[in-house]
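Structure data follow from upload-v2.txt (compact mmCIF, C-alpha atoms):
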```txt
# COMPACT_ATOMS: atom_id res chain seq x y z
CA MET Q 9 143.83 113.75 134.72
CA GLY Q 10 145.19 116.87 136.37
CA ALA Q 11 144.35 116.79 140.09
CA LEU Q 12 144.01 112.99 140.06
CA ASN Q 13 147.56 112.48 138.80
CA HIS Q 14 149.65 110.25 141.09
CA LYS Q 15 146.73 109.73 143.46
CA PHE Q 16 146.05 106.11 142.60
CA ASN Q 17 149.44 104.88 141.52
CA GLU Q 18 149.92 102.40 144.32
CA ASN Q 19 146.34 101.16 144.46
CA ILE Q 20 144.27 98.33 143.04
CA LEU Q 21 140.61 98.82 142.23
CA ILE Q 22 138.42 95.79 142.79
CA THR Q 23 135.04 95.36 141.14
CA SER Q 24 132.95 92.63 139.58
CA LEU Q 25 133.33 91.86 135.91
CA ASP Q 26 129.64 92.63 135.40
CA LYS Q 27 130.09 96.10 136.82
CA LEU Q 28 133.19 96.72 134.74
CA LEU Q 29 131.44 95.64 131.57
CA ASN Q 30 128.30 97.58 132.38
CA TRP Q 31 130.32 100.66 133.20
CA SER Q 32 132.10 100.50 129.86
CA ARG Q 33 128.95 99.67 127.89
CA SER Q 34 126.89 102.40 129.47
CA GLY Q 35 129.70 104.86 128.84
CA SER Q 36 129.67 104.17 125.11
CA GLU Q 37 126.10 104.12 123.90
CA TRP Q 38 126.86 104.13 120.21
CA TYR Q 39 123.58 104.79 118.53
CA PHE Q 40 122.42 103.91 115.10
CA GLN Q 41 122.46 106.93 112.83
CA PHE Q 42 119.20 107.07 111.01
CA GLY Q 43 116.29 109.45 111.24
CA LEU Q 44 112.79 109.05 109.92
CA ALA Q 45 111.18 112.48 110.39
CA CYS Q 46 111.45 115.75 112.32
CA CYS Q 47 112.64 113.93 115.48
CA ALA Q 48 115.82 113.27 113.55
CA ILE Q 49 116.45 117.02 113.45
CA GLU Q 50 116.32 117.10 117.24
CA MET Q 51 118.57 114.04 117.36
CA MET Q 52 121.07 115.80 115.10
CA SER Q 53 120.83 118.88 117.27
CA ALA Q 54 121.48 116.74 120.34
CA ALA Q 55 124.55 115.30 118.68
CA ALA Q 56 125.89 118.67 117.56
CA ALA Q 57 128.00 121.17 119.47
CA ARG Q 58 125.45 122.76 121.79
CA HIS Q 59 124.13 119.59 123.42
CA ASP Q 60 127.04 117.34 122.46
CA LEU Q 61 125.96 113.75 123.01
CA GLU Q 62 129.59 112.66 122.98
CA ARG Q 63 129.84 113.93 126.54
CA PHE Q 64 127.94 110.76 127.43
CA GLY Q 65 129.97 108.57 125.10
CA ALA Q 66 127.13 108.41 122.61
CA MET Q 67 128.22 108.71 119.02
CA PRO Q 68 126.41 107.98 115.80
CA ARG Q 69 127.34 104.88 113.83
CA SER Q 70 126.31 104.30 110.26
CA SER Q 71 126.32 100.52 110.42
CA PRO Q 72 124.05 98.26 112.47
CA ARG Q 73 127.10 96.08 113.13
CA GLN Q 74 128.73 98.83 115.19
CA ALA Q 75 125.66 100.22 116.94
CA ASP Q 76 124.47 99.38 120.44
CA VAL Q 77 121.35 101.53 120.53
CA MET Q 78 118.78 102.13 117.87
CA ILE Q 79 117.05 105.49 118.25
CA VAL Q 80 113.84 105.32 116.28
CA ALA Q 81 113.53 109.04 115.62
CA GLY Q 82 110.34 109.77 113.74
CA THR Q 83 107.28 108.43 111.98
CA VAL Q 84 107.54 104.74 111.21
CA SER Q 85 105.62 104.22 108.00
CA LEU Q 86 104.62 100.67 107.19
CA LYS Q 87 107.06 100.68 104.32
CA MET Q 88 109.88 101.73 106.65
CA ALA Q 89 108.76 99.36 109.40
CA THR Q 90 109.98 96.34 107.46
CA ARG Q 91 113.37 98.02 107.10
CA VAL Q 92 113.51 99.08 110.75
CA LYS Q 93 112.88 95.49 111.78
CA ARG Q 94 115.59 94.18 109.50
CA LEU Q 95 118.10 96.75 110.76
CA TYR Q 96 117.29 95.80 114.33
CA GLU Q 97 117.88 92.15 113.53
CA GLN Q 98 121.25 93.04 111.99
CA MET Q 99 122.51 94.72 115.19
CA ALA Q 100 124.77 92.72 117.50
CA GLU Q 101 123.66 91.75 121.02
CA PRO Q 102 123.29 93.30 123.50
CA LYS Q 103 121.13 95.83 121.74
CA TYR Q 104 118.65 98.45 122.84
CA VAL Q 105 115.90 100.50 121.26
CA ILE Q 106 114.89 104.03 122.15
CA SER Q 107 111.54 105.09 120.76
CA MET Q 108 111.81 108.84 120.28
CA GLY Q 109 108.73 111.02 119.95
CA SER Q 110 105.00 110.53 119.70
CA CYS Q 111 105.07 108.89 116.25
CA ALA Q 112 107.43 106.11 117.22
CA ASN Q 113 105.65 105.68 120.57
CA SER Q 114 102.09 105.43 119.35
CA GLY Q 115 101.62 106.83 115.86
CA GLY Q 116 101.37 110.38 117.17
CA PRO Q 117 99.31 112.68 114.94
CA TYR Q 118 98.76 109.75 112.57
CA TRP Q 119 96.93 107.84 115.27
CA GLN Q 120 93.48 108.03 113.73
CA HIS Q 121 93.86 108.51 109.99
CA GLY Q 122 97.36 107.28 109.28
CA TYR Q 123 96.63 104.38 106.97
CA HIS Q 124 100.34 104.15 106.20
CA VAL Q 125 101.80 104.56 109.69
CA LEU Q 126 102.73 101.91 112.22
CA LYS Q 127 101.01 102.80 115.51
CA GLY Q 128 103.99 102.34 117.73
CA VAL Q 129 107.36 100.87 116.86
CA ASP Q 130 107.01 98.47 119.80
CA GLN Q 131 104.81 96.36 117.56
CA ILE Q 132 107.87 95.21 115.62
CA VAL Q 133 110.90 95.67 117.91
CA PRO Q 134 111.22 95.53 121.73
CA VAL Q 135 111.53 99.08 123.06
CA ASP Q 136 113.60 99.90 126.16
CA ILE Q 137 113.01 103.62 126.55
CA TYR Q 138 110.10 105.75 125.37
CA ILE Q 139 110.70 109.48 125.00
CA PRO Q 140 107.51 111.58 124.79
CA GLY Q 141 107.31 114.80 122.82
CA CYS Q 142 106.53 116.02 119.35
CA PRO Q 143 109.38 116.26 118.73
CA PRO Q 144 111.20 115.88 122.08
CA ARG Q 145 113.87 118.48 122.76
CA PRO Q 146 117.50 117.34 122.84
CA GLU Q 147 117.39 117.49 126.64
CA ALA Q 148 114.66 114.86 126.60
CA LEU Q 149 116.73 112.62 124.34
CA ILE Q 150 119.70 113.04 126.67
CA GLU Q 151 117.51 112.07 129.63
CA GLY Q 152 116.39 109.01 127.70
CA LEU Q 153 119.98 108.01 127.06
CA LEU Q 154 120.81 108.53 130.73
CA HIS Q 155 117.87 106.31 131.73
CA LEU Q 156 119.21 103.70 129.34
CA GLN Q 157 122.62 104.00 130.99
CA LYS Q 158 120.95 103.32 134.34
CA LYS Q 159 119.24 100.29 132.87
CA MET Q 160 122.51 99.01 131.41
CA ARG Q 161 124.29 99.33 134.75
CA GLU Q 162 121.77 97.06 136.45
CA GLU Q 163 122.14 94.22 133.96
CA HIS Q 164 124.12 91.00 134.16
CA VAL Q 165 125.27 90.35 130.62
CA LEU Q 166 127.56 87.42 131.54
CA ALA Q 167 125.08 85.55 133.70
CA LYS Q 168 123.35 82.60 132.14
CA LYS Q 169 119.97 83.55 130.84
CA GLU Q 170 116.92 81.70 132.05
CA VAL Q 171 115.47 79.64 129.25
CA MET A 227 104.73 139.90 76.22
CA ILE A 228 102.43 138.19 78.68
CA VAL A 229 99.52 136.29 77.19
CA THR A 230 96.43 136.28 79.40
CA GLU A 231 94.67 133.06 80.39
CA GLN A 232 91.64 134.15 78.39
CA GLU A 233 93.76 134.47 75.23
CA ILE A 234 95.29 131.04 75.81
CA TYR A 235 91.80 129.59 76.20
CA SER A 236 90.63 131.20 72.96
CA SER A 237 93.68 129.91 71.17
CA LEU A 238 93.06 126.37 72.40
CA SER A 239 89.35 126.54 71.53
CA THR A 240 90.13 127.59 67.97
CA LYS A 241 92.73 124.89 67.57
CA PHE A 242 90.98 121.92 69.22
CA GLY A 243 87.30 122.89 69.00
CA GLU A 244 84.98 120.46 70.78
CA SER A 245 87.75 118.84 72.84
CA ILE A 246 88.14 121.97 74.91
CA GLY A 247 85.46 122.37 77.55
CA ASP A 248 84.59 125.31 79.77
CA PHE A 249 86.92 127.96 81.08
CA ILE A 250 86.59 128.14 84.86
CA THR A 251 87.47 131.47 86.42
CA GLU A 252 85.21 131.61 89.47
CA GLU A 253 85.97 129.99 92.80
CA THR A 254 89.39 128.97 91.65
CA PHE A 255 92.82 130.38 92.30
CA ASN A 256 94.10 129.55 88.84
CA PRO A 257 91.78 130.04 85.83
CA THR A 258 91.35 126.51 84.54
CA VAL A 259 90.75 125.10 81.07
CA LEU A 260 88.74 121.88 80.96
CA VAL A 261 90.12 119.45 78.40
CA LYS A 262 88.76 116.10 77.20
CA ALA A 263 91.04 113.29 78.35
CA GLY A 264 91.62 111.96 74.83
CA THR A 265 93.25 115.13 73.51
CA LEU A 266 95.23 116.15 76.55
CA ALA A 267 98.61 115.00 75.26
CA ASP A 268 98.00 116.83 71.97
CA VAL A 269 97.04 119.99 73.85
CA CYS A 270 100.24 119.78 75.90
CA THR A 271 102.34 119.28 72.79
CA TYR A 272 100.70 122.30 71.19
CA LEU A 273 101.16 124.47 74.29
CA LYS A 274 104.82 123.53 74.46
CA GLU A 275 105.68 123.92 70.81
CA SER A 276 103.58 126.93 69.85
CA GLU A 277 105.78 129.97 69.15
CA SER A 278 103.44 132.39 70.91
CA LEU A 279 102.87 130.23 74.03
CA GLN A 280 106.07 128.27 74.75
CA PHE A 281 104.90 126.41 77.85
CA ASP A 282 108.21 124.73 78.57
CA SER A 283 107.61 123.82 82.20
CA LEU A 284 105.11 121.53 83.91
CA MET A 285 105.06 122.83 87.46
CA SER A 286 102.75 120.20 88.87
CA LEU A 287 100.60 117.29 87.89
CA SER A 288 98.11 116.12 90.46
CA GLY A 289 95.32 113.64 90.79
CA HIS A 290 92.09 114.68 92.47
CA ASP A 291 89.01 112.97 93.85
CA GLN A 292 86.12 115.34 94.50
CA ASP A 293 83.67 113.22 96.45
CA GLY A 294 84.38 109.51 96.10
CA GLU A 295 81.55 109.02 93.60
CA SER A 296 81.99 111.11 90.46
CA GLU A 297 84.89 111.00 88.05
CA LEU A 298 88.50 111.45 89.08
CA SER A 299 90.41 114.35 87.62
CA VAL A 300 93.98 115.17 86.72
CA ILE A 301 95.20 118.75 86.94
CA TYR A 302 98.18 120.14 85.05
CA HIS A 303 99.85 123.40 86.05
CA LEU A 304 101.92 124.76 83.18
CA TYR A 305 104.29 127.68 83.12
CA SER A 306 106.33 129.36 80.43
CA THR A 307 109.73 130.33 81.75
CA VAL A 308 110.38 132.23 78.51
CA LEU A 309 107.23 134.32 78.35
CA ASP A 310 106.29 134.23 82.07
CA HIS A 311 102.69 133.13 81.85
CA TYR A 312 100.62 130.35 83.35
CA CYS A 313 97.98 127.88 82.27
CA THR A 314 96.02 125.28 84.21
CA LEU A 315 94.44 122.28 82.52
CA LYS A 316 91.95 119.95 84.11
CA THR A 317 90.66 116.70 82.71
CA PHE A 318 88.29 114.03 83.96
CA VAL A 319 88.79 110.29 83.85
CA ASP A 320 86.43 107.47 84.65
CA ARG A 321 86.62 106.16 88.20
CA GLU A 322 86.51 102.48 87.31
CA GLU A 323 88.68 102.71 84.23
CA ALA A 324 90.98 105.60 84.99
CA VAL A 325 93.21 105.75 81.93
CA ILE A 326 94.81 108.77 80.33
CA ALA A 327 97.76 109.34 78.00
CA SER A 328 101.07 110.11 79.69
CA VAL A 329 102.79 113.44 79.09
CA ALA A 330 106.11 112.17 80.44
CA ASN A 331 107.56 112.20 76.92
CA ILE A 332 106.60 115.89 76.60
CA TYR A 333 107.51 117.06 80.11
CA ARG A 334 110.08 115.05 82.05
CA THR A 335 108.59 116.43 85.29
CA ALA A 336 105.52 114.34 84.66
CA ASP A 337 107.43 111.09 85.15
CA TRP A 338 107.35 110.97 88.96
CA HIS A 339 104.17 113.06 89.24
CA GLU A 340 102.30 110.51 87.17
CA ARG A 341 103.72 107.70 89.24
CA GLU A 342 102.43 109.49 92.34
CA ALA A 343 98.96 109.92 90.86
CA TYR A 344 99.03 106.26 89.86
CA ASP A 345 100.16 105.25 93.33
CA LEU A 346 97.59 107.21 95.30
CA TYR A 347 94.62 107.54 92.92
CA GLY A 348 95.02 104.52 90.64
CA ILE A 349 95.09 106.55 87.45
CA THR A 350 96.90 104.69 84.69
CA PHE A 351 99.01 106.79 82.35
CA THR A 352 99.48 105.00 79.05
CA GLY A 353 102.87 105.44 77.41
CA HIS A 354 104.62 106.17 80.70
CA PRO A 355 108.20 104.81 80.67
CA ASP A 356 108.08 103.17 84.13
CA LEU A 357 104.66 103.26 85.72
CA LYS A 358 104.90 101.73 89.19
CA ARG A 359 104.16 102.82 92.73
CA ILE A 360 106.46 105.58 93.96
CA LEU A 361 105.60 106.02 97.66
CA LEU A 362 103.87 102.88 98.81
CA GLU A 363 105.16 99.32 98.60
CA GLU A 364 104.65 97.34 95.42
CA ASP A 365 102.32 94.90 97.16
CA TRP A 366 100.04 97.60 98.62
CA GLU A 367 96.36 97.10 97.89
CA GLY A 368 94.09 99.99 96.93
CA TYR A 369 94.61 103.67 96.24
CA PRO A 370 94.65 105.58 99.55
CA LEU A 371 93.78 109.12 98.40
CA ARG A 372 90.54 108.03 96.77
CA LYS A 373 87.72 109.22 99.00
CA ASP A 374 86.14 105.76 99.06
CA TYR A 375 89.35 104.09 100.20
CA VAL A 376 89.01 101.88 103.25
CA ALA A 377 92.25 101.09 105.07
CA ALA A 378 93.08 97.43 105.44
CA GLU A 379 93.29 95.97 108.94
CA PHE A 380 96.72 94.44 108.50
CA TYR A 381 99.68 95.01 106.23
CA ARG A 382 102.27 92.21 106.22
CA GLY A 383 101.15 91.20 109.68
CA MET A 384 101.36 94.73 111.08
CA ARG A 385 98.15 96.15 112.45
CA ILE A 386 97.06 99.40 110.81
CA GLU A 387 93.80 100.58 112.38
CA LYS A 388 93.52 100.88 116.12
CA VAL A 389 90.93 103.60 116.44
CA LYS A 390 87.51 103.56 114.80
```

Hey, can you dump this file as structure tokens for me?
Amino acid sequence: MGALNHKFNENILITSLDKLLNWSRSGSEWYFQFGLACCAIEMMSAAAARHDLERFGAMPRSSPRQADVMIVAGTVSLKMATRVKRLYEQMAEPKYVISMGSCANSGGPYWQHGYHVLKGVDQIVPVDIYIPGCPPRPEALIEGLLHLQKKMREEHVLAKKEV
Amino acid sequence: MIVTEQEIYSSLSTKFGESIGDFITEETFNPTVLVKAGTLADVCTYLKESESLQFDSLMSLSGHDQDGESELSVIYHLYSTVLDHYCTLKTFVDREEAVIASVANIYRTADWHEREAYDLYGITFTGHPDLKRILLEEDWEGYPLRKDYVAAEFYRGMRIEKVK
């Protein structure tokens, strides 16, 4: 803490439970560790020392049970699409999807002749954030995660959902 | 001692006679020996076991569709790691009934390569230990790398073609 030591000892912080939860959720965007193509290289680069995603509380998890965010990093082939959908269904609520790169957004370079490629991962899972680029640089991925943080902070996870 | 492609061709011609077709040297990167589909496995066995040739490595096995109308072909790139020389074989199979003997029992490399050719070109390799699709799903219809392939509109409810 350093300079903040003994500054708040005698104080009480008051906030709403929603804000507290959202603050903690947005500060720990644990993302699902799987890559499908070259975007995964950029995702790995973003997670490694130079860009260091852990600064934002984002760390890779190898199990859908522990992940909050699924980063679809790469070309979603039709064969993989069935698996991506199943993995998304296995994640616990609340869950988010980031579509990273042109392929996951729209099919990218496989748009016209990709008989084996899903033209946009939003056809099978609901996407929260789209990151353009081919592949996007780590900075772009970080911006996407920050936008997702902003989205998380504006939510009301405890409120009753309209049916 | 490096054996030239021409010498390999002569050797094959003497041994197998009519089953060996032309020797293509023009407009090709690798001089290619045309072989009749029926004798291909025998030719491979001979190339591998001959003392003077010793082709112990199959570098690549690929399917090929020239124009979507004529016959399909299978191309074998062989290499001798002992004697450091190369040989390319090419054989044609019928488009409707694309069947050829497997060389997976001669070269282990051929196992997955033949599965790939089966997956994408629909060429059946008889005698293959486990001939099934390698890249696409088991329930995929058609053979995508054939020139006359038309992509389906949907696969398991997922739309494939958006742009015409």

At what distance in Å, to one decimal, does atom CA of Ile250 of chain A lie from atom CA of Glu322 of chain A?
25.8 Å

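Proximity to Pro143 of chain Q at 8 Å, evaluated using only C-alpha atoms and with sequence-adjacent residues fewer than 4 positions away removed, yields Cys46, Cys47, Glu50, Met108, Gly109 and Ser110 of chain Q.
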
Any idea which chain Q residues end up within 9 Å of chain A if we count all atoms listed in the file, as a list in words please?
Leu86, Lys87, Ala89, Thr90, Trp119, Gln120, His121, Gly122, Tyr123, His124, Val125, Leu126, Lys127, Gln131 and Ile132 of chain Q

Compare A:Thr240, A:Ser288, A:Thr307, A:Thr254 by their minimum atom-to-atom distance to Leu371 of chain A, counting all atoms listed in the file, and give me the closest one.
A:Ser288

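Between Gly152 of chain Q and the candidates Q:Val165, Q:Met52, Q:Ala81, Q:Ile137, the tightest atom-to-atom separation, counting only C-alpha atoms, involves Q:Ile137.
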
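Here the question is which of Q:Ile79, Q:Ile49, Q:Leu28, Q:Leu44 gets nearest to Pro146 of chain Q using all atoms listed in the file, and that residue is Q:Ile49.
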
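We find atom CA of Glu295 of chain A and atom CA of Lys373 of chain A to be spaced 8.2 Å apart.
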
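What separates atom CA of Leu95 of chain Q from atom CA of Phe40 of chain Q is a distance of 9.4 Å.
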
Distance query Ala343 of chain A at most 12 Å, only C-alpha atoms, self and fewer than 2 positions along chain excluded, as number ranges by chain:
A: 286-291, 298-302, 324-326, 328, 336-341, 345-351, 357-362, 369-372

When you look at Gly35 of chain Q with a cut-off of 8 Å (counting all atoms listed in the file), what residues show up, excluding the ones that are within fewer than 3 positions of it in the same chain? I need them as a tab-separated table (two decimals) with C-alpha atoms, in the frame of the given file.
```
chain	number	residue	atom	x	y	z
Q	31	TRP	CA	130.32	100.66	133.20
Q	32	SER	CA	132.10	100.50	129.86
Q	64	PHE	CA	127.94	110.76	127.43
Q	65	GLY	CA	129.97	108.57	125.10
Q	66	ALA	CA	127.13	108.41	122.61
Q	157	GLN	CA	122.62	104.00	130.99
```

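For the set A:Glu323, A:Asp310, A:Glu244, A:Glu342, the residue with the smallest atom-to-atom gap to Thr265 of chain A is A:Glu244, counting all atoms listed in the file.
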
In the coordinates of the file, take the point (100.6, 105.8, 120.4) and a cut-off of 6 Å; then, counting all atoms listed in the file, name each qualifying protein, DNA or RNA residue as a PDB file with C-alpha atoms, keeping the file's coordinate frame.
```
ATOM      1  CA  ASN Q 113     105.650 105.680 120.570  1.00  0.00           C
ATOM      2  CA  SER Q 114     102.090 105.430 119.350  1.00  0.00           C
ATOM      3  CA  GLY Q 115     101.620 106.830 115.860  1.00  0.00           C
ATOM      4  CA  GLY Q 116     101.370 110.380 117.170  1.00  0.00           C
ATOM      5  CA  LYS Q 127     101.010 102.800 115.510  1.00  0.00           C
ATOM      6  CA  GLY Q 128     103.990 102.340 117.730  1.00  0.00           C
TER       7      GLY Q 128
END
```

Select all residues near (114.7, 112.9, 128.0) (cut-off 12 Å, inclusive, file coordinates), counting all atoms listed in the file, and output them as a JSON list (two decimals) with C-alpha atoms, keeping the file's coordinate frame.
```json
[["chain", "number", "residue", "atom", "x", "y", "z"],
["Q", 50, "GLU", "CA", 116.32, 117.10, 117.24],
["Q", 51, "MET", "CA", 118.57, 114.04, 117.36],
["Q", 54, "ALA", "CA", 121.48, 116.74, 120.34],
["Q", 106, "ILE", "CA", 114.89, 104.03, 122.15],
["Q", 107, "SER", "CA", 111.54, 105.09, 120.76],
["Q", 108, "MET", "CA", 111.81, 108.84, 120.28],
["Q", 109, "GLY", "CA", 108.73, 111.02, 119.95],
["Q", 137, "ILE", "CA", 113.01, 103.62, 126.55],
["Q", 138, "TYR", "CA", 110.10, 105.75, 125.37],
["Q", 139, "ILE", "CA", 110.70, 109.48, 125.00],
["Q", 140, "PRO", "CA", 107.51, 111.58, 124.79],
["Q", 141, "GLY", "CA", 107.31, 114.80, 122.82],
["Q", 143, "PRO", "CA", 109.38, 116.26, 118.73],
["Q", 144, "PRO", "CA", 111.20, 115.88, 122.08],
["Q", 145, "ARG", "CA", 113.87, 118.48, 122.76],
["Q", 146, "PRO", "CA", 117.50, 117.34, 122.84],
["Q", 147, "GLU", "CA", 117.39, 117.49, 126.64],
["Q", 148, "ALA", "CA", 114.66, 114.86, 126.60],
["Q", 149, "LEU", "CA", 116.73, 112.62, 124.34],
["Q", 150, "ILE", "CA", 119.70, 113.04, 126.67],
["Q", 151, "GLU", "CA", 117.51, 112.07, 129.63],
["Q", 152, "GLY", "CA", 116.39, 109.01, 127.70],
["Q", 153, "LEU", "CA", 119.98, 108.01, 127.06],
["Q", 154, "LEU", "CA", 120.81, 108.53, 130.73],
["Q", 155, "HIS", "CA", 117.87, 106.31, 131.73],
["Q", 156, "LEU", "CA", 119.21, 103.70, 129.34]]
```

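For the choices A:Ser239, A:Ser276, A:Ser245, A:Thr258, the atom-to-atom distance to Ser306 of chain A is smallest for A:Ser276 when using only C-alpha atoms.
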
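The environment of Leu29 of chain Q within 9 Å, counting only C-alpha atoms and disregarding residues fewer than 5 places along the same chain, consists of Ser24, Ser34, Arg161 and Val165 of chain Q.
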